[in-house]
Amino acid sequence: MVSHQWRRFPFFSKEQVKEVDESWGNFKNVNVTCSSCGKGRLVFGDSNGHVYFLYQNMKIESRQMYLTCVSHVVQVPKQNILVTVGQDEPGHPVLRVWTIPTGGRLADIANVRYYDLSLLDKSTSSCVVTAISVSDNLSNMAIGTANGSVWLFYKHDITREQRSKPLHTDKVAITGLAFNKEVALFVATETSAYSYRSVTEREPIMQLLSEEGCGVGLSLLTDHHQYHQFLLAPKNKFLFFTVDGPGHNLPMEGTRSHVGWYRGYLVSVSYARRAVSKQDNICDLTVYDMKNKLIGFTGTFPPIKALLVEWGSLNIICQNNEIFILKEKDIQDKIDILKRKCLYDDAIQLAKNNRDEQMHINLLKAYGDHLASKSNHDGAISKYIETIGNVEPSYVIRKFLDARRIHNLTQYLEALHEKGEANQEHTTLLLNCYTKLKNVNKLETFIRTEGQLNFDVAIKVCRQAGYYDEAAYLAKKYEQYDWYVHIQIEDKQQYETALEYILELPFDKQKENVKAFGKQLIDHLPKEMTTFLKQLTKNDPYLVETFIPLFVNKSEFLIDFLETVIEDNATVSEQVYNTLLELYLRDTSNPDLKTQRTAQITEILKSESARYSTEHALILLQLYHVQEGLVLIYEKLGLYQQVLDCYMENGDYDSIMSLCSRHGPHDPLLWIKALKYFAVQNDAVSRTNVEELLRHIENHNILPPLMVVRALSEDSATPISVIMSYLTRHLKLEEEQGKENKELIKKYSEEAKVMRGEIHKLKTEPVVFQNIKCTKCGRKLNLPAVHLLCKHSWHQQCFEELADLDEDCPACAGENKQVLEHLKSLEQIENLDQQFFRSVAMSQDGFTTVADFFAKGVFNKPLTMEVESRRAARRQQRLSQSETNTRSEPGRRDRTSAVSGITKADPVPFNPILDDMAMFNPFDEPSRSGSHQGKRPSVTRVGSSTSPLPNPFGTTPTSVTAVNPFGEEEAGTREKANPFEDEGANPFGDEGANPFGDEGSPVQFLH
């Protein structure tokens, strides 16, 4: 029997209701015949026709409702409706429906409906009501009688007039009636049980539920905890039914007098004889927990009349109307009771049925701790698994870190992953467990089936444990390209497999993997990788620079790679050409490759499309001593001095002469350097070259004679006969230039004299204007007219149309403007001259200062057009004489033509630096040269200076007197004579006077 199998626990507390006032004394003597409960009160009926209301504060009210007996009272749940059945006359039961005002007292209830039940069955003279039930919605009411009839009241709610009809007829008394939520009616008799559906229909559906019946008070309708089933309590069992048929049954030994239902508990009352006293009977009351399969309370009571559930407790009405209250302990108290008895399974089930999730988890955790303390690790881990998602996994993991518990830890970690609660550390730990256990099958199964696997961690763990195939599988499965290539190269050394895999990747991924692993692949598969990289750079030429460092120690493949890249795309970066050039230069140390590489270097340097860095190439060429390349770079950079050094180092006379001819006019130091070089060479060819150089210098006025003499005088093996003809010609030229200067002085003096005369006339004599026609339109002048001192006459209207200012002559404006601009430039240069010497004296970086003033035009000398034209004529004359001399020497004509790179008509550009140098005597003593410091001397041509010069070819004469070309200076003096007679005199007359009239006032003569 179940009563012997279910464990008993004290889940209820027992309390007896005490008397609160005098009304209780009267209530104890009442013969209670029926009872009900609801809406916060207990309802009783007695044999004298009274109805009693018992409230929660234990106050009692009573009211006379019938004359004799009240047999049934029904407090409709959740409704203020009371239904009573009683008798005013014996044998005539009367049903009354009462409405109870909200908060009203018993005295305030009103009778709204009255039924004489004796009229229902006219076939019998007496009607004994044995059962009554009212539906929760008040739409139906059923009455059961002792003669086996069931009458149904329907159509309207019970507070209004309703129709009635017989629903069931039997030979035995009706012992119980109950409506469920679907308004189906359960009927219990002494011998059977039935169910009726669609009771309001003309032909309701009846179904026999059981052929066993029960007595009055032994049937009821359960609540939602038992799915609103109908319960019968025959001897030794409990039977449960639904509308459709029987449910389960529960064997239970004993005969019961009452049954009740309280919050999922089945309350059973049975009689038992015990030795309390000889006169009293004792009832055993048992509370069964149907869900948790345990007994929540057992106790003895005086004979029990009714079981009423109200105020959240079970109210037991006993003999003498004593009331006992059973209160259920809260869930925590129940759990504590079970935990003290180590009944964790029952506690867990209780918490689960109570739907307290947090308590359920806490009990599982406590149960796991309990089992672990008892060394039942398998059982403990099963309980901990149930807490996943609510208990921190680290709490459990720490308990199983012992190597002997690795199986339990593995089981828990697997459950974590199945429930999706694992993180990176858990995955790492599980994989480590598999590797420690060497359980390859589980490892493979896990990595191949895990849906939410943290593949990054899994790959790392597999690699660390040496399971490279599994790691590669994961990397490929989850498209971790870098990991897969990394494993194939560094772990498995399968370079060909890695390269094949990279070839299948998208272009962006190919770039990333080549950058990461290209070095290792080139070391082992240089040919294949070079071919692959060539293909990559076709799609993206900018990758070339990135790939260059990958070819460390593989220069031959790098050369092949770079050559292909340049062939396919000539616009590659500067670094590519620099790298290829350096690789070529390295190979020049190999005698077998030197010729080939030198030719390739020369080809790159000559190519106009090659984008190499000239500075970088220059350093490399100097480092590897490749003369052919150095010459090309020097010429490209304009470093002709260094080119000349290379030719001198190689003794290439022809190249030296050619270089001086091509670039000597722009770089005069080349001639000096070449002269010095050939001067120290003691051979016939060098002397011939010296003569050739002197002729070019002379013909094109490239260097001053003093610089030539100084260059040849330093460690020279050249005899003086070679330079004698050069010096003779130059002295003659200087003499001619002196004569020209005298002629110019005379000319300028005469012009100044004429101008002074004109100025004097303008100041002292009247001016006669005889023009009769307008300078602009050519028509005859008429008033008003404008006459200017420049002898131009205008109509006033024509003058105003052309003149920008009233005082300017439109016809003379262009010429005047040129003169003014020329004077202004001379003033600016003079100011710059003074500023230049001051800045040089105060500057710490003299070179930078000179360069700044060079850009400002300090060294530019304005020359008059007449002087420049005469100099050009003299140069042309010297060229003609040189050609005549050349024709007279046939052996030298071809060489002269080959060396000379300057045509006869080419004007020799004015070189301000060399002209300035001409005023210095390179053979002066230090005391004389020091006199030039602090100011910039006047610039004159060689030959015009009167300073005595030492003779570089012999002893210095005792006195050398320079002839003053102006004829007015004493011999031996250095001061310049003023060609305009008086020193500083204004050739135009008075200082500051306006030769054209009053200052700022135009002269107008009106006809």
# chains A, B, ... in the order shown; residues from 1 in each chain; ligands from 1
call {"tool": "select_by_dssp", "arguments": {"residues": "region 248-449 of chain A", "states": "strand (DSSP E or B)", "output": "PyMOL selection string"}}
result
chain A and resi 248-251+256-262+265-272+282-289+294-301+304-310+313-318+323-328+388+391
call {"tool": "residues_around", "arguments": {"residues": "Asp336 (chain A)", "least_positions_apart": "2", "cutoff": "12 Å", "atoms": "only C-alpha atoms", "output": "list of chain:residue names"}}
result
A:Phe9, A:Pro10, A:Phe11, A:Lys329, A:Asp330, A:Ile331, A:Gln332, A:Asp333, A:Lys334, A:Leu338, A:Lys339, A:Arg340, A:Lys341, A:Cys342, A:Leu343, A:Tyr344, A:Asp346, A:Ala347, A:Ile348, A:Leu350, A:Ala351, A:Met359, A:Leu363, A:Ala366
call {"tool": "write_last_selection", "arguments": {"atoms": "N, CA, C and O atoms", "output": "mmCIF file, in the first residue's frame"}}
result
data_model
loop_
_atom_site.group_PDB
_atom_site.id
_atom_site.type_symbol
_atom_site.label_atom_id
_atom_site.label_comp_id
_atom_site.auth_asym_id
_atom_site.auth_seq_id
_atom_site.Cartn_x
_atom_site.Cartn_y
_atom_site.Cartn_z
ATOM 1 N N PHE A 9 6.557 13.495 6.594
ATOM 2 C CA PHE A 9 7.285 14.694 7.003
ATOM 3 C C PHE A 9 6.316 15.661 7.690
ATOM 4 O O PHE A 9 5.134 15.733 7.319
ATOM 5 N N PRO A 10 6.794 16.406 8.610
ATOM 6 C CA PRO A 10 5.935 17.399 9.302
ATOM 7 C C PRO A 10 5.889 18.728 8.543
ATOM 8 O O PRO A 10 6.503 19.717 8.937
ATOM 9 N N PHE A 11 5.172 18.731 7.436
ATOM 10 C CA PHE A 11 5.107 19.923 6.602
ATOM 11 C C PHE A 11 3.958 20.858 6.984
ATOM 12 O O PHE A 11 3.793 21.900 6.354
ATOM 13 N N LYS A 329 3.684 24.759 6.046
ATOM 14 C CA LYS A 329 4.933 25.481 6.233
ATOM 15 C C LYS A 329 5.445 25.982 4.880
ATOM 16 O O LYS A 329 5.165 25.389 3.832
ATOM 17 N N ASP A 330 6.218 27.071 4.944
ATOM 18 C CA ASP A 330 6.721 27.603 3.668
ATOM 19 C C ASP A 330 7.770 26.664 3.093
ATOM 20 O O ASP A 330 8.294 25.777 3.767
ATOM 21 N N ILE A 331 8.082 26.907 1.833
ATOM 22 C CA ILE A 331 8.940 25.984 1.092
ATOM 23 C C ILE A 331 10.335 25.890 1.690
ATOM 24 O O ILE A 331 10.957 24.832 1.714
ATOM 25 N N GLN A 332 10.854 27.002 2.222
ATOM 26 C CA GLN A 332 12.196 26.980 2.788
ATOM 27 C C GLN A 332 12.259 26.093 4.022
ATOM 28 O O GLN A 332 13.234 25.356 4.228
ATOM 29 N N ASP A 333 11.199 26.152 4.853
ATOM 30 C CA ASP A 333 11.165 25.279 6.034
ATOM 31 C C ASP A 333 11.121 23.813 5.620
ATOM 32 O O ASP A 333 11.768 22.957 6.236
ATOM 33 N N LYS A 334 10.340 23.536 4.574
ATOM 34 C CA LYS A 334 10.285 22.154 4.099
ATOM 35 C C LYS A 334 11.660 21.682 3.607
ATOM 36 O O LYS A 334 12.090 20.565 3.899
ATOM 37 N N LEU A 338 14.128 18.568 4.926
ATOM 38 C CA LEU A 338 14.658 17.496 4.071
ATOM 39 C C LEU A 338 16.185 17.501 4.057
ATOM 40 O O LEU A 338 16.809 16.436 4.039
ATOM 41 N N LYS A 339 16.797 18.698 4.073
ATOM 42 C CA LYS A 339 18.249 18.757 4.056
ATOM 43 C C LYS A 339 18.839 18.199 5.356
ATOM 44 O O LYS A 339 19.904 17.563 5.329
ATOM 45 N N ARG A 340 18.177 18.468 6.471
ATOM 46 C CA ARG A 340 18.690 17.920 7.737
ATOM 47 C C ARG A 340 18.677 16.403 7.738
ATOM 48 O O ARG A 340 19.510 15.754 8.388
ATOM 49 N N LYS A 341 17.761 15.854 6.967
ATOM 50 C CA LYS A 341 17.689 14.399 6.866
ATOM 51 C C LYS A 341 18.453 13.881 5.652
ATOM 52 O O LYS A 341 18.377 12.684 5.340
ATOM 53 N N CYS A 342 19.189 14.811 4.970
ATOM 54 C CA CYS A 342 19.988 14.466 3.765
ATOM 55 C C CYS A 342 19.125 13.874 2.665
ATOM 56 O O CYS A 342 19.581 13.024 1.878
ATOM 57 N N LEU A 343 17.884 14.272 2.617
ATOM 58 C CA LEU A 343 16.976 13.808 1.569
ATOM 59 C C LEU A 343 16.971 14.838 0.435
ATOM 60 O O LEU A 343 15.989 15.537 0.178
ATOM 61 N N TYR A 344 18.100 14.933 -0.230
ATOM 62 C CA TYR A 344 18.253 15.952 -1.257
ATOM 63 C C TYR A 344 17.387 15.676 -2.471
ATOM 64 O O TYR A 344 16.891 16.617 -3.115
ATOM 65 N N ASP A 346 14.381 14.382 -2.519
ATOM 66 C CA ASP A 346 13.031 14.863 -2.218
ATOM 67 C C ASP A 346 12.991 16.384 -2.180
ATOM 68 O O ASP A 346 12.028 17.005 -2.651
ATOM 69 N N ALA A 347 14.043 16.991 -1.635
ATOM 70 C CA ALA A 347 14.083 18.448 -1.583
ATOM 71 C C ALA A 347 14.145 19.055 -2.980
ATOM 72 O O ALA A 347 13.479 20.059 -3.276
ATOM 73 N N ILE A 348 14.940 18.423 -3.832
ATOM 74 C CA ILE A 348 15.044 18.913 -5.214
ATOM 75 C C ILE A 348 13.716 18.780 -5.931
ATOM 76 O O ILE A 348 13.271 19.695 -6.649
ATOM 77 N N LEU A 350 10.779 18.684 -4.562
ATOM 78 C CA LEU A 350 9.851 19.637 -3.969
ATOM 79 C C LEU A 350 10.066 21.043 -4.528
ATOM 80 O O LEU A 350 9.105 21.736 -4.883
ATOM 81 N N ALA A 351 11.322 21.458 -4.618
ATOM 82 C CA ALA A 351 11.603 22.781 -5.171
ATOM 83 C C ALA A 351 11.229 22.863 -6.649
ATOM 84 O O ALA A 351 10.739 23.893 -7.122
ATOM 85 N N MET A 359 15.907 28.139 -5.926
ATOM 86 C CA MET A 359 16.014 27.146 -4.851
ATOM 87 C C MET A 359 16.394 25.788 -5.408
ATOM 88 O O MET A 359 17.189 25.048 -4.814
ATOM 89 N N LEU A 363 19.745 23.740 -4.351
ATOM 90 C CA LEU A 363 19.689 22.369 -3.820
ATOM 91 C C LEU A 363 20.560 21.430 -4.641
ATOM 92 O O LEU A 363 21.233 20.547 -4.075
ATOM 93 N N ALA A 366 24.056 22.122 -3.564
ATOM 94 C CA ALA A 366 24.309 21.558 -2.228
ATOM 95 C C ALA A 366 24.383 20.038 -2.283
ATOM 96 O O ALA A 366 25.213 19.415 -1.592
#
call {"tool": "closest_residue", "arguments": {"among": "A:Ser23, A:Asn590, A:Thr99, A:Ser47", "to": "Glu61 (chain A)", "atoms": "only C-alpha atoms"}}
result
A:Ser23
call {"tool": "atom_distance", "arguments": {"atom1": "CA of Ala472 (chain A)", "atom2": "CA of Tyr484 (chain A)"}}
result
5.4 Å
call {"tool": "closest_residue", "arguments": {"among": "A:Thr445, A:Ala811, A:Glu635, A:Thr435", "to": "Cys462 (chain A)", "atoms": "only C-alpha atoms"}}
result
A:Thr435
call {"tool": "residues_around", "arguments": {"residues": "Pro204 (chain A)", "least_positions_apart": "3", "cutoff": "12 Å", "atoms": "only C-alpha atoms", "output": "CSV table (one decimal) with N, CA and C atoms, in the first residue's frame"}}
result
chain,number,residue,atom,x,y,z
A,152,LEU,N,-31.6,19.0,-13.0
A,152,LEU,CA,-30.7,20.1,-13.5
A,152,LEU,C,-31.5,21.3,-13.7
A,165,LYS,N,-35.0,20.0,-15.3
A,165,LYS,CA,-35.2,18.7,-16.0
A,165,LYS,C,-34.5,17.6,-15.3
A,166,PRO,N,-35.0,16.4,-15.4
A,166,PRO,CA,-34.3,15.3,-14.8
A,166,PRO,C,-33.1,14.9,-15.7
A,167,LEU,N,-32.0,14.7,-15.1
A,167,LEU,CA,-30.8,14.4,-15.9
A,167,LEU,C,-30.3,13.0,-15.7
A,168,HIS,N,-30.5,12.4,-14.5
A,168,HIS,CA,-30.0,11.1,-14.2
A,168,HIS,C,-31.0,10.4,-13.3
A,183,VAL,N,-18.2,22.9,-17.5
A,183,VAL,CA,-19.7,22.7,-17.2
A,183,VAL,C,-20.1,21.3,-17.5
A,184,ALA,N,-19.2,20.4,-17.4
A,184,ALA,CA,-19.5,19.0,-17.4
A,184,ALA,C,-19.9,18.5,-16.0
A,185,LEU,N,-20.8,17.6,-15.8
A,185,LEU,CA,-21.3,17.2,-14.5
A,185,LEU,C,-20.8,15.8,-14.2
A,195,SER,N,-20.3,10.6,-15.9
A,195,SER,CA,-20.1,12.0,-16.3
A,195,SER,C,-21.0,12.4,-17.4
A,196,TYR,N,-21.5,13.6,-17.4
A,196,TYR,CA,-22.4,14.2,-18.4
A,196,TYR,C,-21.8,15.4,-19.0
A,197,ARG,N,-21.8,15.4,-20.4
A,197,ARG,CA,-21.3,16.5,-21.1
A,197,ARG,C,-22.5,17.1,-21.9
A,198,SER,N,-22.4,18.4,-22.2
A,198,SER,CA,-23.5,19.1,-22.9
A,198,SER,C,-24.8,18.8,-22.2
A,199,VAL,N,-24.8,19.2,-20.9
A,199,VAL,CA,-25.9,18.9,-20.0
A,199,VAL,C,-27.1,19.7,-20.4
A,200,THR,N,-27.0,20.9,-21.0
A,200,THR,CA,-28.1,21.7,-21.3
A,200,THR,C,-28.8,21.2,-22.6
A,201,GLU,N,-28.2,20.3,-23.4
A,201,GLU,CA,-28.8,19.8,-24.6
A,201,GLU,C,-29.9,18.9,-24.3
A,207,GLN,N,-21.4,9.1,-19.7
A,207,GLN,CA,-20.4,8.1,-19.8
A,207,GLN,C,-20.2,7.5,-18.4
